[in-house]
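Trainee: For reference, the structure I am asking about is given below.
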Amino acid sequence: MEATDSDHKPVNCVFNLDIAHVDKQTKRRKYGEIMSSNKKVLYLLQGLEAFPDANISTSDIILQDQSHSVVKLQNRSAKEIACFEIIGQTMNSSGSHFSGFPAWLKVSPAVGMIYPGQTVEITLQHGELRNQDFLSGPSGNNSGADQEKAATLLVIVTGVYSTAGRGHKIHVQHRRAALADRFFS
């Protein structure tokens, strides 16, 4: 009450308020009901999640020396464009997996688009493999002479606007011709 610089006296007040509470589960359920009842929204959402049906010609490949192999990836959809990406998965010397193509394997193309009803040919080829790397084990001796190189390729197919995809695995092995002849003769 001693304030002299203002024409207002200090006011103290206590309020009792009722504040509305939003139940998140109820809100989520109502949102789902509204979205599922709107056909246009449903159509658009289905288009975003759709991915074309794709077919891959083989899932097991054996490369010998400088040979190459062709894998055919077909988009069986009549109207949807398919996008693909190939990711390499190999094991390192400690036995743990890492992503990436091994040095001995060349994949071309590794990404791309396939128009409806079309097929793309993916070439898998033996890259430059140094004889020392192939013949030597981790210690540098020739104990790894019968060692084969192996990798798994993951081919992920999505639609143009989709966030979901379908994966196909391709197992690739590289063997020296003499080693392969021993297995197949």
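The way I read the labels, and the way they are meant: chains A, B, ... in the order of the structure tokens, residue 1 as the first residue of every chain, and ligand 1 as the first ligand shown, with later ones counted on from there.
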Just asking: which residues within range 20-60 of chain A are strand (DSSP E) according to DSSP, as a ChimeraX atom specification?

Mentor: /A:54-56,60

Trainee: Using C-alpha atoms, can you export the residues from the last selection as a PDB file, in the first residue's frame?

Mentor:
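The result, written out as out-v4.pdb:
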ATOM      1  CA  ALA A  54       9.704 -57.381 -58.675  1.00  0.00           C
ATOM      2  CA  ASN A  55      11.277 -60.667 -59.670  1.00  0.00           C
ATOM      3  CA  ILE A  56      14.969 -61.575 -59.547  1.00  0.00           C
ATOM      4  CA  ASP A  60      23.050 -67.921 -56.025  1.00  0.00           C
TER       5      ASP A  60
END

Trainee: So which one's closest to Asn75 in chain A, A:Met35, A:Val107, A:Ile114, A:Val22? Using only C-alpha atoms, please.

Mentor: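 Closest candidate: A:Ile114.
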
Trainee: Could you state the separation of CA of Glu80 in chain A and CA of Gly32 in chain A in Å, given to one decimal place?

Mentor: 26.9 Å

Trainee: May I ask which of the residues A:Ile19, A:Val11, A:Ala150, A:Met113 is the closest one to Arg175 in chain A, counting only C-alpha atoms?

Mentor: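 For Arg175 in chain A, the nearest of the candidates is A:Ala150.
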